[in-house]
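Here is the file data.pdb (PDB, C-alpha atoms).
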MODEL        1
ATOM      1  CA  MET A  26      -4.921   3.356 -38.092  1.00  0.00           C
ATOM      2  CA  GLU A  27      -8.684   3.762 -37.959  1.00  0.00           C
ATOM      3  CA  ASN A  28     -10.736   2.150 -40.631  1.00  0.00           C
ATOM      4  CA  ASN A  29     -13.081   4.143 -42.834  1.00  0.00           C
ATOM      5  CA  GLU A  30     -16.177   3.001 -40.923  1.00  0.00           C
ATOM      6  CA  ASN A  31     -14.822   4.397 -37.643  1.00  0.00           C
ATOM      7  CA  ILE A  32     -13.910   7.659 -39.336  1.00  0.00           C
ATOM      8  CA  HIS A  33     -17.384   8.245 -40.702  1.00  0.00           C
ATOM      9  CA  THR A  34     -19.157   7.384 -37.431  1.00  0.00           C
ATOM     10  CA  ASP A  35     -16.677   9.667 -35.650  1.00  0.00           C
ATOM     11  CA  GLN A  36     -17.620  12.413 -38.102  1.00  0.00           C
ATOM     12  CA  LEU A  37     -21.300  11.976 -37.260  1.00  0.00           C
ATOM     13  CA  GLN A  38     -20.561  12.015 -33.541  1.00  0.00           C
ATOM     14  CA  ASP A  39     -18.468  15.170 -33.956  1.00  0.00           C
ATOM     15  CA  LEU A  40     -21.279  16.767 -35.914  1.00  0.00           C
ATOM     16  CA  ILE A  41     -23.761  15.903 -33.156  1.00  0.00           C
ATOM     17  CA  GLN A  42     -21.499  17.592 -30.594  1.00  0.00           C
ATOM     18  CA  ILE A  43     -21.014  20.616 -32.859  1.00  0.00           C
ATOM     19  CA  LEU A  44     -24.793  20.940 -33.233  1.00  0.00           C
ATOM     20  CA  THR A  45     -25.177  20.747 -29.453  1.00  0.00           C
ATOM     21  CA  GLU A  46     -22.739  23.628 -29.087  1.00  0.00           C
ATOM     22  CA  ARG A  47     -24.323  25.518 -31.975  1.00  0.00           C
ATOM     23  CA  ILE A  48     -27.618  25.448 -30.068  1.00  0.00           C
ATOM     24  CA  GLU A  49     -25.830  26.802 -26.987  1.00  0.00           C
ATOM     25  CA  ILE A  50     -24.227  29.557 -29.053  1.00  0.00           C
ATOM     26  CA  TYR A  51     -27.600  30.640 -30.418  1.00  0.00           C
ATOM     27  CA  THR A  52     -28.963  30.610 -26.861  1.00  0.00           C
ATOM     28  CA  ASN A  53     -26.103  32.905 -25.840  1.00  0.00           C
ATOM     29  CA  ALA A  54     -26.682  35.057 -28.908  1.00  0.00           C
ATOM     30  CA  ILE A  55     -30.308  35.576 -27.922  1.00  0.00           C
ATOM     31  CA  SER A  56     -29.329  36.724 -24.452  1.00  0.00           C
ATOM     32  CA  SER A  57     -26.660  39.055 -25.907  1.00  0.00           C
ATOM     33  CA  VAL A  58     -28.948  41.218 -28.031  1.00  0.00           C
ATOM     34  CA  ASP A  59     -31.597  43.756 -27.072  1.00  0.00           C
ATOM     35  CA  SER A  60     -34.828  41.833 -26.495  1.00  0.00           C
ATOM     36  CA  ASP A  61     -36.912  44.924 -27.302  1.00  0.00           C
ATOM     37  CA  LYS A  62     -35.138  46.049 -30.480  1.00  0.00           C
ATOM     38  CA  ASP A  63     -34.037  42.698 -31.901  1.00  0.00           C
ATOM     39  CA  VAL A  64     -37.257  40.681 -31.766  1.00  0.00           C
ATOM     40  CA  ASP A  65     -36.931  39.530 -35.378  1.00  0.00           C
ATOM     41  CA  LEU A  66     -33.287  38.582 -34.898  1.00  0.00           C
ATOM     42  CA  ILE A  67     -34.184  36.601 -31.780  1.00  0.00           C
ATOM     43  CA  ALA A  68     -36.915  34.788 -33.748  1.00  0.00           C
ATOM     44  CA  PHE A  69     -34.354  33.965 -36.456  1.00  0.00           C
ATOM     45  CA  PHE A  70     -31.909  32.600 -33.860  1.00  0.00           C
ATOM     46  CA  GLU A  71     -34.676  30.534 -32.256  1.00  0.00           C
ATOM     47  CA  LYS A  72     -35.576  29.082 -35.656  1.00  0.00           C
ATOM     48  CA  SER A  73     -31.913  28.260 -36.272  1.00  0.00           C
ATOM     49  CA  MET A  74     -31.778  26.536 -32.880  1.00  0.00           C
ATOM     50  CA  GLN A  75     -34.852  24.467 -33.748  1.00  0.00           C
ATOM     51  CA  LEU A  76     -33.361  23.441 -37.085  1.00  0.00           C
ATOM     52  CA  SER A  77     -30.122  22.450 -35.347  1.00  0.00           C
ATOM     53  CA  GLN A  78     -32.027  20.382 -32.800  1.00  0.00           C
ATOM     54  CA  GLN A  79     -34.028  18.651 -35.547  1.00  0.00           C
ATOM     55  CA  PHE A  80     -30.860  17.815 -37.463  1.00  0.00           C
ATOM     56  CA  LYS A  81     -29.168  16.575 -34.293  1.00  0.00           C
ATOM     57  CA  SER A  82     -32.175  14.324 -33.632  1.00  0.00           C
ATOM     58  CA  GLU A  83     -31.968  12.982 -37.194  1.00  0.00           C
ATOM     59  CA  LEU A  84     -28.279  12.198 -36.742  1.00  0.00           C
ATOM     60  CA  LEU A  85     -28.945  10.387 -33.485  1.00  0.00           C
ATOM     61  CA  VAL A  86     -31.398   8.148 -35.378  1.00  0.00           C
ATOM     62  CA  ILE A  87     -28.978   7.689 -38.298  1.00  0.00           C
ATOM     63  CA  LEU A  88     -25.922   6.871 -36.194  1.00  0.00           C
ATOM     64  CA  PRO A  89     -26.954   3.274 -35.391  1.00  0.00           C
ATOM     65  CA  LYS A  90     -27.776   2.705 -39.066  1.00  0.00           C
ATOM     66  CA  GLU A  91     -24.262   3.850 -39.927  1.00  0.00           C
ATOM     67  CA  GLY A  92     -22.742   1.331 -37.576  1.00  0.00           C
ATOM     68  CA  LEU A  93     -22.596   2.805 -34.093  1.00  0.00           C
ATOM     69  CA  SER A  94     -25.065   3.334 -31.318  1.00  0.00           C
ATOM     70  CA  PRO A  95     -24.489   6.606 -29.441  1.00  0.00           C
ATOM     71  CA  SER A  96     -24.305   4.634 -26.201  1.00  0.00           C
ATOM     72  CA  GLU A  97     -21.798   2.051 -27.512  1.00  0.00           C
ATOM     73  CA  LYS A  98     -18.773   4.107 -26.671  1.00  0.00           C
ATOM     74  CA  GLU A  99     -18.009   7.394 -25.028  1.00  0.00           C
ATOM     75  CA  TRP A 100     -17.591  10.228 -27.516  1.00  0.00           C
ATOM     76  CA  THR A 101     -14.106  11.570 -27.920  1.00  0.00           C
ATOM     77  CA  ALA A 102     -13.326  14.595 -30.015  1.00  0.00           C
ATOM     78  CA  GLY A 103     -12.454  13.744 -33.584  1.00  0.00           C
ATOM     79  CA  ALA A 104     -10.844  15.820 -36.327  1.00  0.00           C
ATOM     80  CA  LEU A 105     -14.019  17.723 -37.203  1.00  0.00           C
ATOM     81  CA  TYR A 106     -14.715  18.690 -33.620  1.00  0.00           C
ATOM     82  CA  ARG A 107     -11.116  19.756 -33.023  1.00  0.00           C
ATOM     83  CA  LYS A 108     -11.389  21.970 -36.106  1.00  0.00           C
ATOM     84  CA  TRP A 109     -14.574  23.479 -34.659  1.00  0.00           C
ATOM     85  CA  GLU A 110     -13.145  23.930 -31.181  1.00  0.00           C
ATOM     86  CA  LYS A 111      -9.924  25.515 -32.410  1.00  0.00           C
ATOM     87  CA  ARG A 112     -11.826  28.271 -34.205  1.00  0.00           C
ATOM     88  CA  ASP A 113     -14.186  29.150 -31.319  1.00  0.00           C
ATOM     89  CA  PRO A 114     -16.116  32.078 -32.795  1.00  0.00           C
ATOM     90  CA  PHE A 115     -18.207  33.032 -29.801  1.00  0.00           C
ATOM     91  CA  LYS A 116     -16.077  34.428 -27.056  1.00  0.00           C
ATOM     92  CA  GLU A 117     -17.685  37.095 -24.923  1.00  0.00           C
ATOM     93  CA  VAL A 118     -19.725  39.278 -27.248  1.00  0.00           C
ATOM     94  CA  SER A 119     -22.627  41.627 -26.800  1.00  0.00           C
ATOM     95  CA  GLY A 120     -24.777  43.732 -29.043  1.00  0.00           C
ATOM     96  CA  ARG A 121     -26.259  43.026 -32.414  1.00  0.00           C
ATOM     97  CA  GLU A 122     -23.154  43.652 -34.539  1.00  0.00           C
ATOM     98  CA  GLN A 123     -20.785  41.497 -32.475  1.00  0.00           C
ATOM     99  CA  VAL A 124     -23.354  38.723 -32.164  1.00  0.00           C
ATOM    100  CA  LEU A 125     -24.019  38.686 -35.911  1.00  0.00           C
ATOM    101  CA  ARG A 126     -20.286  38.697 -36.653  1.00  0.00           C
ATOM    102  CA  ALA A 127     -19.750  35.757 -34.260  1.00  0.00           C
ATOM    103  CA  CYS A 128     -22.710  33.822 -35.703  1.00  0.00           C
ATOM    104  CA  GLU A 129     -21.494  34.466 -39.240  1.00  0.00           C
ATOM    105  CA  LYS A 130     -18.060  33.116 -38.260  1.00  0.00           C
ATOM    106  CA  MET A 131     -19.676  30.089 -36.606  1.00  0.00           C
ATOM    107  CA  GLU A 132     -21.699  29.307 -39.731  1.00  0.00           C
ATOM    108  CA  GLU A 133     -18.561  29.722 -41.867  1.00  0.00           C
ATOM    109  CA  ILE A 134     -16.826  27.113 -39.727  1.00  0.00           C
ATOM    110  CA  ILE A 135     -19.801  24.764 -40.012  1.00  0.00           C
ATOM    111  CA  GLN A 136     -19.843  25.275 -43.771  1.00  0.00           C
ATOM    112  CA  ASP A 137     -16.187  24.172 -43.895  1.00  0.00           C
ATOM    113  CA  ILE A 138     -17.033  21.131 -41.786  1.00  0.00           C
ATOM    114  CA  PHE A 139     -19.855  20.124 -44.144  1.00  0.00           C
ATOM    115  CA  LYS A 140     -17.518  20.526 -47.121  1.00  0.00           C
ATOM    116  CA  GLN A 141     -14.992  18.267 -45.429  1.00  0.00           C
ATOM    117  CA  ILE A 142     -17.614  15.622 -44.641  1.00  0.00           C
ATOM    118  CA  LEU A 143     -19.163  15.680 -48.107  1.00  0.00           C
ATOM    119  CA  SER A 144     -15.886  15.724 -50.036  1.00  0.00           C
ATOM    120  CA  ALA A 145     -14.230  12.917 -48.087  1.00  0.00           C
ATOM    121  CA  LYS A 146     -14.408   9.309 -49.161  1.00  0.00           C
ATOM    122  CA  ASN A 147     -16.686   7.648 -46.659  1.00  0.00           C
ATOM    123  CA  ASN A 148     -19.070   4.772 -46.228  1.00  0.00           C
ATOM    124  CA  PHE A 149     -22.221   6.792 -45.608  1.00  0.00           C
ATOM    125  CA  SER A 150     -25.414   5.286 -46.943  1.00  0.00           C
ATOM    126  CA  GLU A 151     -27.205   7.109 -49.743  1.00  0.00           C
ATOM    127  CA  ASN A 152     -29.886   8.192 -47.291  1.00  0.00           C
ATOM    128  CA  THR A 153     -27.335   9.654 -44.891  1.00  0.00           C
ATOM    129  CA  MET A 154     -25.534  11.458 -47.722  1.00  0.00           C
ATOM    130  CA  ALA A 155     -28.838  12.918 -48.906  1.00  0.00           C
ATOM    131  CA  ILE A 156     -29.596  14.176 -45.395  1.00  0.00           C
ATOM    132  CA  LEU A 157     -26.112  15.644 -45.008  1.00  0.00           C
ATOM    133  CA  LYS A 158     -26.328  17.379 -48.395  1.00  0.00           C
ATOM    134  CA  SER A 159     -29.777  18.762 -47.552  1.00  0.00           C
ATOM    135  CA  GLN A 160     -28.506  20.080 -44.226  1.00  0.00           C
ATOM    136  CA  ALA A 161     -25.429  21.581 -45.890  1.00  0.00           C
ATOM    137  CA  THR A 162     -27.738  23.481 -48.244  1.00  0.00           C
ATOM    138  CA  LEU A 163     -29.890  24.675 -45.350  1.00  0.00           C
ATOM    139  CA  GLN A 164     -26.803  25.664 -43.385  1.00  0.00           C
ATOM    140  CA  LYS A 165     -25.539  27.697 -46.358  1.00  0.00           C
ATOM    141  CA  GLU A 166     -28.887  29.521 -46.469  1.00  0.00           C
ATOM    142  CA  ILE A 167     -28.599  30.344 -42.756  1.00  0.00           C
ATOM    143  CA  TYR A 168     -25.061  31.599 -43.322  1.00  0.00           C
ATOM    144  CA  GLU A 169     -26.177  33.816 -46.209  1.00  0.00           C
ATOM    145  CA  LEU A 170     -29.074  35.218 -44.146  1.00  0.00           C
ATOM    146  CA  ILE A 171     -26.752  36.080 -41.268  1.00  0.00           C
ATOM    147  CA  LYS A 172     -24.287  37.647 -43.679  1.00  0.00           C
ATOM    148  CA  ASP A 173     -27.100  39.739 -45.192  1.00  0.00           C
ATOM    149  CA  LEU A 174     -28.337  40.739 -41.739  1.00  0.00           C
ATOM    150  CA  ARG A 175     -24.907  41.897 -40.760  1.00  0.00           C
ATOM    151  CA  GLN A 176     -24.537  43.941 -43.935  1.00  0.00           C
ATOM    152  CA  LYS A 177     -28.039  45.443 -43.734  1.00  0.00           C
ATOM    153  CA  LYS A 178     -27.990  45.829 -39.935  1.00  0.00           C
ATOM    154  CA  ALA A 179     -31.722  45.046 -39.877  1.00  0.00           C
ATOM    155  CA  ILE A 180     -34.061  42.206 -40.667  1.00  0.00           C
TER     156      ILE A 180
ENDMDL
END
When written as C-alpha cells, how does the structure in this file appear?
Amino acid sequence: MENNENIHTDQLQDLIQILTERIEIYTNAISSVDSDKDVDLIAFFEKSMQLSQQFKSELLVILPKEGLSPSEKEWTAGALYRKWEKRDPFKEVSGREQVLRACEKMEEIIQDIFKQILSAKNNFSENTMAILKSQATLQKEIYELIKDLRQKKAI
C-alpha cells in the first residue's frame, strides 16, 4: 500500500497532467468557435489557458518541495487523473453552445478534483495548501463565469 507521501505527490503529478490537458482543451475550444463573432469568448479562453499554465508552473516548482522531482520517476496515472480521464468532457464539439457546455463540464470535473485534494488527509505543506486553495477559488470563479456565459449566450 502506498504511503501518504506518495499519494500526495501523485495527486500533484495528476493535477499537472490535468492542467496540461485543460490547456489543450481550451486550445481546441478556441478553434471550435467563430473567430469573428466570439472574440470575447476566445479572449476568456486564452486567459483561462494562461492561468492554467501559471498554476502548472507553480506546481512544477512545488513538487520537489513536496518530496518528488518531476524527473525522478515517470508519471503514471493516479486516482485523480483516472477520474478526469473517465469523464472526458470534450469529445468532438463545435459552435459556441457545445463548446461552453463542454468547458462547463470540464470545470465541474476539476472542481470535484480540487474538493477531493483539499478534503483528503495529506502531507502538503501550508504553502502548498494555500496555493491549492487559492487555485480552487479561482477555478470556481472560472466555472461560474462559463456557467453564466452559457446561460446568457453572450459575454
Counting all atoms listed in the file, what is within 6 Å of region 41-56 of chain A, bar same-chain residues fewer than 5 positions away, as a compact mmCIF listing (two decimals) with C-alpha atoms, in the frame of the given file?
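Listing of around.txt after writing:
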# COMPACT_ATOMS: atom_id res chain seq x y z
CA ILE A 67 -34.18 36.60 -31.78
CA PHE A 70 -31.91 32.60 -33.86
CA MET A 74 -31.78 26.54 -32.88
CA SER A 77 -30.12 22.45 -35.35
CA LYS A 81 -29.17 16.58 -34.29
CA VAL A 124 -23.35 38.72 -32.16
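Comparing the minimum interatomic distances between Phe139 (chain A) and each of A:Asp39, A:Glu71, A:Glu122, A:Asp65, counting all atoms listed in the file, we find that A:Asp39 sits nearest.
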Can you tell me, as lines of an AutoDock Vina configuration file, the centre and edge lengths (Å, one decimal) of the axis-aligned box enclosing all of region 76-89 of chain A's listed atoms after padding each side by 8 Å?
center_x = -30.0
center_y = 13.4
center_z = -35.5
size_x = 24.1
size_y = 36.2
size_z = 21.5
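Minimum distance to Ser57 (chain A) across A:Cys128, A:Leu37, A:Ile156, A:Ile167 (counting all atoms listed in the file) occurs at A:Cys128.
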re CA of Gln36 (chain A) and CA of Glu166 (chain A): distance 22.1 Å
Of the listed residues A:Lys158, A:Gln136, A:Leu40, A:Ser150, that which approaches Gln78 (chain A) most closely, counting only C-alpha atoms
A:Leu40
State, in Å with one decimal place, the distance from CA of Leu85 (chain A) to CA of Phe69 (chain A).
24.4 Å
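If you measure from each of A:Pro89, A:Gln75, A:Lys62, A:Ile171 to Glu133 (chain A) using all atoms listed in the file, the closest one turns out to be A:Ile171.
Of the residues under consideration (A:Thr34, A:Gln79, A:Gln164, A:Ser119), A:Thr34 shows the shortest atom-to-atom contact distance to Phe149 (chain A) when counting all atoms listed in the file.
Checking A:Gln176, A:Lys90, A:Ile134, A:Asp63 one by one against Asn148 (chain A), counting all atoms listed in the file, you find the shortest gap at A:Lys90.
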I would like the residues chosen by the PyMOL selection byres ((chain A and resi 140) around 12) on the shown file; could you give them as a ChimeraX atom specification?
/A:105,133-139,141-146,157-158,160-162,164-165
Store the residues picked out above, limited to C-alpha atoms, as a PDB file, in the coordinates of the input.
ATOM      1  CA  LEU A 105     -14.019  17.723 -37.203  1.00  0.00           C
ATOM      2  CA  GLU A 133     -18.561  29.722 -41.867  1.00  0.00           C
ATOM      3  CA  ILE A 134     -16.826  27.113 -39.727  1.00  0.00           C
ATOM      4  CA  ILE A 135     -19.801  24.764 -40.012  1.00  0.00           C
ATOM      5  CA  GLN A 136     -19.843  25.275 -43.771  1.00  0.00           C
ATOM      6  CA  ASP A 137     -16.187  24.172 -43.895  1.00  0.00           C
ATOM      7  CA  ILE A 138     -17.033  21.131 -41.786  1.00  0.00           C
ATOM      8  CA  PHE A 139     -19.855  20.124 -44.144  1.00  0.00           C
ATOM      9  CA  GLN A 141     -14.992  18.267 -45.429  1.00  0.00           C
ATOM     10  CA  ILE A 142     -17.614  15.622 -44.641  1.00  0.00           C
ATOM     11  CA  LEU A 143     -19.163  15.680 -48.107  1.00  0.00           C
ATOM     12  CA  SER A 144     -15.886  15.724 -50.036  1.00  0.00           C
ATOM     13  CA  ALA A 145     -14.230  12.917 -48.087  1.00  0.00           C
ATOM     14  CA  LYS A 146     -14.408   9.309 -49.161  1.00  0.00           C
ATOM     15  CA  LEU A 157     -26.112  15.644 -45.008  1.00  0.00           C
ATOM     16  CA  LYS A 158     -26.328  17.379 -48.395  1.00  0.00           C
ATOM     17  CA  GLN A 160     -28.506  20.080 -44.226  1.00  0.00           C
ATOM     18  CA  ALA A 161     -25.429  21.581 -45.890  1.00  0.00           C
ATOM     19  CA  THR A 162     -27.738  23.481 -48.244  1.00  0.00           C
ATOM     20  CA  GLN A 164     -26.803  25.664 -43.385  1.00  0.00           C
ATOM     21  CA  LYS A 165     -25.539  27.697 -46.358  1.00  0.00           C
TER      22      LYS A 165
END
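The interatomic distance for the pair CA of Arg121 (chain A) and CA of Glu169 (chain A) works out to 16.6 Å.
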